[in-house]
file final07.cif (mmCIF, C-alpha atoms)
data_target
#
loop_
_atom_site.label_atom_id
_atom_site.label_comp_id
_atom_site.auth_asym_id
_atom_site.auth_seq_id
_atom_site.Cartn_x
_atom_site.Cartn_y
_atom_site.Cartn_z
CA MET A 1 6.11 10.40 66.47
CA PHE A 2 3.01 12.47 67.09
CA CYS A 3 5.00 15.59 67.86
CA SER A 4 7.19 15.10 64.80
CA SER A 5 4.14 14.74 62.55
CA MET A 6 2.44 17.76 64.06
CA SER A 7 5.54 19.91 63.77
CA GLY A 8 5.97 18.86 60.14
CA LEU A 9 2.37 19.82 59.45
CA TYR A 10 2.66 23.06 61.43
CA PHE A 11 5.78 24.25 59.65
CA TYR A 12 4.72 22.84 56.20
CA LEU A 13 7.94 20.83 56.03
CA ASP A 14 6.52 18.39 53.41
CA PHE A 15 5.52 21.23 51.11
CA ILE A 16 8.86 22.95 51.57
CA ALA A 17 10.72 19.70 50.79
CA TYR A 18 8.53 19.12 47.71
CA ASN A 19 9.27 22.61 46.42
CA GLN A 20 12.98 22.13 46.95
CA ILE A 21 12.88 18.88 44.96
CA VAL A 22 10.98 20.55 42.14
CA LYS A 23 13.45 23.42 42.02
CA THR A 24 16.36 20.97 41.96
CA VAL A 25 14.76 18.98 39.11
CA VAL A 26 14.12 22.15 37.11
CA LYS A 27 17.63 23.44 37.74
CA TYR A 28 19.28 20.21 36.63
CA ARG A 29 16.63 19.26 34.05
CA ASN A 30 19.08 18.76 31.19
CA THR A 31 21.36 16.66 33.39
CA TYR A 32 18.46 14.44 34.48
CA LYS A 33 17.31 14.08 30.87
CA GLN A 34 20.79 13.00 29.76
CA LEU A 35 20.99 10.58 32.66
CA TRP A 36 17.69 8.86 31.91
CA GLU A 37 18.44 8.74 28.17
CA SER A 38 21.80 7.13 28.92
CA ILE A 39 20.16 4.61 31.23
CA GLY A 40 17.58 3.86 28.52
CA GLU A 41 20.26 3.35 25.88
CA LEU A 42 22.23 1.04 28.18
CA ASP A 43 19.08 -0.93 29.00
CA ALA A 44 18.21 -1.29 25.29
CA ALA A 45 21.80 -2.29 24.45
CA ILE A 46 21.75 -4.98 27.13
CA ALA A 47 18.41 -6.30 25.80
CA VAL A 48 19.76 -6.44 22.22
CA ALA A 49 22.94 -8.16 23.42
CA TYR A 50 20.91 -10.82 25.24
CA TYR A 51 18.70 -11.29 22.17
CA ARG A 52 21.73 -11.73 19.91
CA LYS A 53 23.22 -14.24 22.36
CA TYR A 54 19.96 -16.20 22.20
CA LEU A 55 20.04 -16.38 18.37
CA SER A 56 21.86 -19.17 16.54
CA PHE A 57 22.90 -16.65 13.86
CA TYR A 58 22.33 -13.02 12.89
CA THR A 59 23.85 -10.21 10.87
CA VAL A 60 24.14 -6.43 11.01
CA PRO A 61 22.22 -4.79 8.12
CA THR A 62 23.70 -2.72 5.32
CA PHE A 63 21.69 0.31 4.18
CA VAL A 64 21.72 1.67 0.62
CA ASP A 65 19.95 4.48 -1.27
CA THR A 66 18.42 2.36 -4.03
CA GLU A 67 15.06 0.57 -3.88
CA GLU A 68 16.31 -2.95 -3.33
CA LEU A 69 16.10 -5.62 -0.68
CA GLU A 70 18.68 -8.41 -0.72
CA PHE A 71 19.26 -11.11 1.87
CA LYS A 72 20.74 -14.56 2.33
CA ASN A 73 19.51 -17.36 4.57
CA LEU A 74 16.69 -15.28 6.02
CA ALA A 75 14.71 -16.88 8.87
CA HIS A 76 11.40 -16.07 10.56
CA PRO A 77 12.28 -15.08 14.17
CA LEU A 78 9.29 -16.87 15.72
CA LEU A 79 9.85 -20.31 14.17
CA LYS A 80 11.80 -22.91 16.11
CA ASP A 81 13.22 -24.69 13.04
CA PRO A 82 12.73 -22.20 10.19
CA VAL A 83 13.37 -22.92 6.52
CA THR A 84 15.65 -20.11 5.33
CA ASN A 85 15.37 -18.29 2.02
CA SER A 86 17.63 -16.04 -0.05
CA SER A 87 16.36 -13.34 -2.42
CA ALA A 88 17.32 -10.20 -4.30
CA LEU A 89 14.07 -8.25 -4.53
CA GLY A 90 13.50 -5.20 -6.70
CA LYS A 91 10.86 -2.49 -6.64
CA THR A 92 7.83 -4.71 -7.31
CA VAL A 93 7.43 -8.40 -6.46
CA LEU A 94 4.47 -10.77 -6.89
CA LEU A 95 4.44 -14.06 -4.98
CA THR A 96 2.09 -16.82 -6.05
CA GLY A 97 1.68 -20.40 -4.93
CA SER A 98 -0.61 -22.98 -3.46
CA ASN A 99 -2.30 -22.97 -0.07
CA ALA A 100 0.05 -23.45 2.91
CA SER A 101 3.10 -23.37 0.63
CA GLY A 102 4.88 -20.57 2.53
CA LYS A 103 3.93 -17.26 0.89
CA SER A 104 2.57 -15.59 4.01
CA THR A 105 5.38 -16.84 6.26
CA TYR A 106 7.93 -15.54 3.75
CA ILE A 107 6.60 -11.99 3.50
CA LYS A 108 6.07 -11.82 7.27
CA ALA A 109 9.67 -12.92 7.79
CA VAL A 110 10.91 -10.21 5.42
CA ALA A 111 8.69 -7.52 7.01
CA ILE A 112 9.66 -8.41 10.60
CA ASN A 113 13.36 -8.48 9.78
CA ALA A 114 13.08 -5.14 7.96
CA ILE A 115 11.75 -3.69 11.22
CA LEU A 116 14.46 -5.38 13.30
CA ALA A 117 17.12 -4.06 10.91
CA GLN A 118 16.00 -0.46 11.44
CA THR A 119 15.40 -0.68 15.19
CA ILE A 120 17.91 -2.99 16.86
CA ASN A 121 20.37 -3.26 13.95
CA THR A 122 19.96 -7.04 13.98
CA VAL A 123 18.63 -9.37 11.26
CA LEU A 124 18.09 -13.13 11.32
CA ALA A 125 20.08 -13.76 8.15
CA SER A 126 23.64 -14.18 7.00
CA LYS A 127 23.37 -11.04 4.84
CA TRP A 128 20.88 -8.14 4.64
CA THR A 129 20.86 -5.05 2.43
CA MET A 130 17.95 -2.59 2.18
CA LYS A 131 16.94 1.03 1.74
CA GLN A 132 15.83 2.63 5.00
CA SER A 133 12.07 2.85 4.67
CA TYR A 134 8.73 2.92 6.44
CA ILE A 135 7.44 -0.64 6.76
CA VAL A 136 3.71 -0.72 6.04
CA THR A 137 1.56 -3.83 5.74
CA SER A 138 -1.86 -5.04 4.68
CA MET A 139 -1.99 -8.43 6.37
CA ALA A 140 -4.32 -10.35 8.72
CA ILE A 141 -7.20 -7.97 8.00
CA GLN A 142 -10.28 -8.25 10.22
CA ASP A 143 -13.78 -6.84 9.92
CA SER A 144 -15.05 -4.56 12.69
CA VAL A 145 -18.56 -4.73 14.11
CA LEU A 146 -17.91 -1.62 16.23
CA ASP A 147 -16.73 0.48 13.27
CA GLY A 148 -19.28 -1.04 10.91
CA ASP A 149 -16.55 -2.13 8.48
CA SER A 150 -16.93 -5.32 6.49
CA TYR A 151 -13.83 -7.37 5.70
CA PHE A 152 -13.57 -5.75 2.26
CA ILE A 153 -13.98 -2.20 3.64
CA ALA A 154 -11.27 -2.87 6.23
CA GLU A 155 -9.08 -4.26 3.47
CA ILE A 156 -9.37 -1.31 1.09
CA LYS A 157 -8.79 1.12 3.97
CA SER A 158 -5.56 -0.75 4.73
CA LEU A 159 -4.48 -0.52 1.09
CA LYS A 160 -5.41 3.17 0.93
CA ARG A 161 -2.97 3.80 3.80
CA ILE A 162 -0.19 2.41 1.60
CA ILE A 163 -1.25 4.55 -1.36
CA LYS A 164 -1.40 7.67 0.84
CA LEU A 165 2.17 7.18 2.08
CA SER A 166 3.35 6.71 -1.49
CA GLU A 167 1.53 9.88 -2.58
CA GLU A 168 3.31 11.73 0.23
CA GLN A 169 6.63 10.59 -1.30
CA LYS A 170 7.57 8.57 1.77
CA PRO A 171 10.22 5.88 1.30
CA ILE A 172 8.15 2.76 1.97
CA ILE A 173 8.29 -1.00 1.63
CA SER A 174 4.74 -2.32 1.55
CA PHE A 175 3.77 -5.93 2.22
CA ILE A 176 0.34 -7.09 1.01
CA ASP A 177 -0.87 -10.60 1.80
CA GLU A 178 -3.74 -11.94 -0.35
CA ILE A 179 -4.69 -8.67 -2.02
CA LEU A 180 -8.46 -7.94 -2.08
CA LYS A 181 -9.51 -11.49 -1.21
CA GLY A 182 -12.69 -10.16 0.40
CA THR A 183 -14.65 -9.65 -2.82
CA ASN A 184 -15.79 -11.48 -5.95
CA THR A 185 -13.36 -12.96 -8.45
CA VAL A 186 -13.85 -10.57 -11.38
CA GLU A 187 -13.63 -7.36 -9.36
CA ARG A 188 -10.88 -8.72 -7.11
CA ILE A 189 -8.56 -9.47 -10.00
CA SER A 190 -9.45 -6.28 -11.90
CA ALA A 191 -9.02 -3.98 -8.91
CA SER A 192 -5.89 -5.81 -7.72
CA ALA A 193 -4.25 -5.39 -11.12
CA ALA A 194 -5.13 -1.69 -11.21
CA ILE A 195 -3.72 -1.08 -7.71
CA MET A 196 -0.59 -3.07 -8.56
CA GLU A 197 -0.05 -0.98 -11.69
CA TRP A 198 -0.38 2.25 -9.68
CA LEU A 199 2.09 1.06 -7.04
CA SER A 200 4.59 0.01 -9.70
CA VAL A 201 4.98 3.55 -11.07
CA ASN A 202 4.87 5.44 -7.78
CA LYS A 203 7.31 5.75 -4.89
CA GLY A 204 8.11 2.73 -2.76
CA MET A 205 8.78 -0.99 -2.97
CA THR A 206 5.87 -3.43 -3.05
CA ILE A 207 5.78 -7.14 -2.19
CA ILE A 208 2.44 -8.85 -2.81
CA ALA A 209 1.32 -12.43 -2.18
CA SER A 210 -1.73 -13.79 -3.97
CA HIS A 211 -3.50 -17.00 -4.92
CA ASP A 212 -4.67 -15.38 -8.16
CA ILE A 213 -2.31 -16.70 -10.80
CA GLU A 214 -4.19 -14.53 -13.32
CA LEU A 215 -2.37 -11.51 -11.86
CA THR A 216 0.93 -12.87 -13.16
CA GLU A 217 -0.51 -12.68 -16.68
CA ILE A 218 -2.25 -9.30 -16.35
CA THR A 219 0.61 -7.39 -14.71
CA GLY A 220 3.08 -8.73 -17.28
CA GLU A 221 6.53 -7.23 -16.86
CA LEU A 222 5.49 -4.76 -14.15
CA TYR A 223 6.23 -7.25 -11.38
CA THR A 224 8.99 -9.78 -10.86
CA ASN A 225 7.36 -13.13 -10.23
CA TYR A 226 8.34 -15.71 -7.62
CA HIS A 227 6.43 -18.70 -6.33
CA PHE A 228 6.24 -21.41 -3.72
CA ARG A 229 5.44 -24.96 -4.73
CA GLU A 230 4.48 -28.38 -3.44
CA SER A 231 4.90 -32.00 -4.55
CA ILE A 232 2.63 -35.00 -4.17
CA VAL A 233 4.34 -38.00 -2.54
CA ASP A 234 2.33 -41.15 -1.79
CA GLY A 235 -0.89 -39.18 -1.93
CA LYS A 236 0.40 -36.54 0.49
CA VAL A 237 1.09 -32.87 -0.22
CA ILE A 238 4.73 -32.05 0.63
CA PHE A 239 6.04 -28.47 0.81
CA ASP A 240 9.67 -27.38 0.62
CA TYR A 241 8.86 -23.77 1.76
CA LYS A 242 11.53 -22.44 -0.60
CA ILE A 243 11.06 -19.50 -2.95
CA HIS A 244 11.46 -20.20 -6.70
CA PRO A 245 11.69 -17.82 -9.66
CA GLY A 246 8.75 -17.32 -12.00
CA PRO A 247 4.97 -17.54 -11.52
CA SER A 248 3.24 -20.52 -9.93
CA GLU A 249 1.87 -23.12 -12.32
CA THR A 250 0.11 -25.33 -9.78
CA ARG A 251 -2.91 -25.28 -7.47
CA ASN A 252 -3.56 -27.64 -4.58
CA ALA A 253 -6.90 -26.67 -3.00
CA ILE A 254 -8.79 -29.59 -4.55
CA LYS A 255 -5.94 -31.99 -3.75
CA LEU A 256 -6.17 -30.95 -0.11
CA LEU A 257 -9.87 -31.87 -0.19
CA GLU A 258 -8.85 -35.33 -1.38
CA VAL A 259 -6.20 -35.64 1.34
CA LEU A 260 -8.84 -34.81 3.98
CA ASP A 261 -11.17 -37.52 2.55
CA TYR A 262 -13.91 -35.32 1.13
CA PRO A 263 -16.60 -37.29 -0.75
CA GLU A 264 -15.17 -38.52 -4.04
CA SER A 265 -18.04 -36.97 -6.01
CA VAL A 266 -17.07 -33.54 -4.67
CA THR A 267 -13.43 -33.78 -5.74
CA ILE A 268 -14.28 -35.34 -9.13
CA THR A 269 -16.71 -32.52 -9.95
CA ALA A 270 -14.30 -29.87 -8.65
CA ASN A 271 -11.47 -31.23 -10.79
CA LYS A 272 -13.71 -31.37 -13.84
CA LEU A 273 -14.86 -27.76 -13.42
CA ALA A 274 -11.34 -26.49 -12.77
CA ARG A 275 -9.86 -28.40 -15.70
CA HIS A 276 -12.51 -27.09 -18.10
CA PHE A 277 -12.12 -23.47 -17.00
CA THR A 278 -8.32 -23.67 -17.19
CA ASN A 279 -8.49 -25.00 -20.76
CA VAL A 280 -11.19 -22.76 -22.31
CA ARG A 281 -11.74 -19.94 -19.77
CA GLU A 282 -15.46 -20.78 -19.56
CA TRP A 283 -17.39 -22.04 -16.57
CA GLN A 284 -19.80 -24.94 -16.67
CA ARG A 285 -23.23 -24.92 -15.02
CA MET A 286 -24.40 -27.77 -12.78
CA ASP A 287 -28.05 -28.77 -13.35
CA GLU A 288 -30.41 -30.47 -10.92
CA ASP A 289 -29.79 -33.89 -12.43
CA GLY A 290 -26.06 -33.56 -11.75
CA SER A 291 -25.04 -32.88 -15.35
CA ILE A 292 -22.66 -30.06 -16.17
CA ASN A 293 -23.44 -27.62 -18.97
CA LEU A 294 -21.41 -24.81 -20.46
CA ILE A 295 -21.84 -21.23 -19.28
CA GLN A 296 -20.72 -18.73 -21.88
CA ALA A 297 -18.86 -16.57 -19.41
CA GLY A 298 -15.40 -16.23 -17.99
CA LEU A 299 -13.00 -13.80 -16.52
#
call {"tool": "encode", "arguments": {"input": "final07.cif", "output": "structure tokens"}}
result
Amino acid sequence: MFCSSMSGLYFYLDFIAYNQIVKTVVKYRNTYKQLWESIGELDAAIAVAYYRKYLSFYTVPTFVDTEELEFKNLAHPLLKDPVTNSSALGKTVLLTGSNASGKSTYIKAVAINAILAQTINTVLASKWTMKQSYIVTSMAIQDSVLDGDSYFIAEIKSLKRIIKLSEEQKPIISFIDEILKGTNTVERISASAAIMEWLSVNKGMTIIASHDIELTEITGELYTNYHFRESIVDGKVIFDYKIHPGPSETRNAIKLLEVLDYPESVTITANKLARHFTNVREWQRMDEDGSINLIQAGL
């Protein structure tokens, strides 16, 4: 063993062998590249086949040249017992609805399946038709202490990325969950409406979810409206998690306070304030003695 090691070192056999290997790799570089690419494709195909076998249903997507997104019985891939939805979405869509009604889950399901359609040619639906596009999102925004970005700054940077891609004439489908929720009501609704108007006349499809029902009034015919709804059964809030045409006409935040047994005085006052603003678009001021007076201001 000693002699063998010494002779190898003396005659530089390791270095000679290394050089021979390098020369062989360089000589057959294209062959090696084709081999590894073929192995990679086979490995990916096996993974997709196993994934499809695991699914209870799936479809192969159809791609078109028009800005449309149509699907039937679409499911979120991470939910064990998902509620499926069917839609025919155009260039601009606005989703409204109450808290926990299904808006965010719906747009995440659409976005994830749009990625799956263009990567592994597999969609969790019984039908799927779309234009091949970049999938860009503004969802689950977080502030950054390290970057010095507040929640709102992080949010508008995310939205600017969508605008930039549209300005570059990229084919995009953008998904925006709770647009500009990190700022005050007046500026949130005003800026959201302005951004929505810009997106509606520039390149790309846009799907937006928002609690602000006012946006359905301001954007008018620019966006096709859909909503998610709930019903109250025996004092409980029940969701069907199904998409419905038209804007939302209900809110449930105060009802959820009641379901969680908040003090009755809190929910009574909240209902009174909300009812008054809805009727006359004017807020009421609460004085120290508990009385409520009119504030001559609104949106």
call {"tool": "closest_atom_pairs", "arguments": {"input": "final07.cif", "of": "region 6-79 of chain A", "to": "region 101-110 of chain A", "cutoff": "9 Å", "atoms": "all atoms listed in the file", "output": "tab-separated table"}}
result
residue	atom	partner	partner_atom	distance
A:Leu74	CA	A:Ala109	CA	7.6
A:Ala75	CA	A:Ala109	CA	6.5
A:His76	CA	A:Ala109	CA	4.5
A:Pro77	CA	A:Ala109	CA	7.2
A:Leu78	CA	A:Ala109	CA	8.9
call {"tool": "atom_distance", "arguments": {"input": "final07.cif", "atom1": "CA of Ala274 (chain A)", "atom2": "CA of Ile141 (chain A)"}}
result
28.1 Å
call {"tool": "atom_distance", "arguments": {"input": "final07.cif", "atom1": "CA of Ala270 (chain A)", "atom2": "CA of Glu258 (chain A)"}}
result
10.6 Å
call {"tool": "residues_around", "arguments": {"input": "final07.cif", "residues": "Gln169 (chain A)", "least_positions_apart": "5", "cutoff": "10 Å", "atoms": "only C-alpha atoms", "output": "PDB file with C-alpha atoms, in the frame of the given file"}}
result
ATOM      1  CA  ILE A 163      -1.250   4.550  -1.360  1.00  0.00           C
ATOM      2  CA  LYS A 164      -1.400   7.670   0.840  1.00  0.00           C
ATOM      3  CA  ASN A 202       4.870   5.440  -7.780  1.00  0.00           C
ATOM      4  CA  LYS A 203       7.310   5.750  -4.890  1.00  0.00           C
ATOM      5  CA  GLY A 204       8.110   2.730  -2.760  1.00  0.00           C
TER       6      GLY A 204
END
call {"tool": "closest_residue", "arguments": {"input": "final07.cif", "among": "A:Gly235, A:Gly182, A:Gly90, A:Gly246", "to": "Val259 (chain A)", "atoms": "all atoms listed in the file"}}
result
A:Gly235
call {"tool": "closest_residue", "arguments": {"input": "final07.cif", "among": "A:Val280, A:Ile243, A:Ile173, A:Ile135", "to": "Asn225 (chain A)", "atoms": "only C-alpha atoms"}}
result
A:Ile243
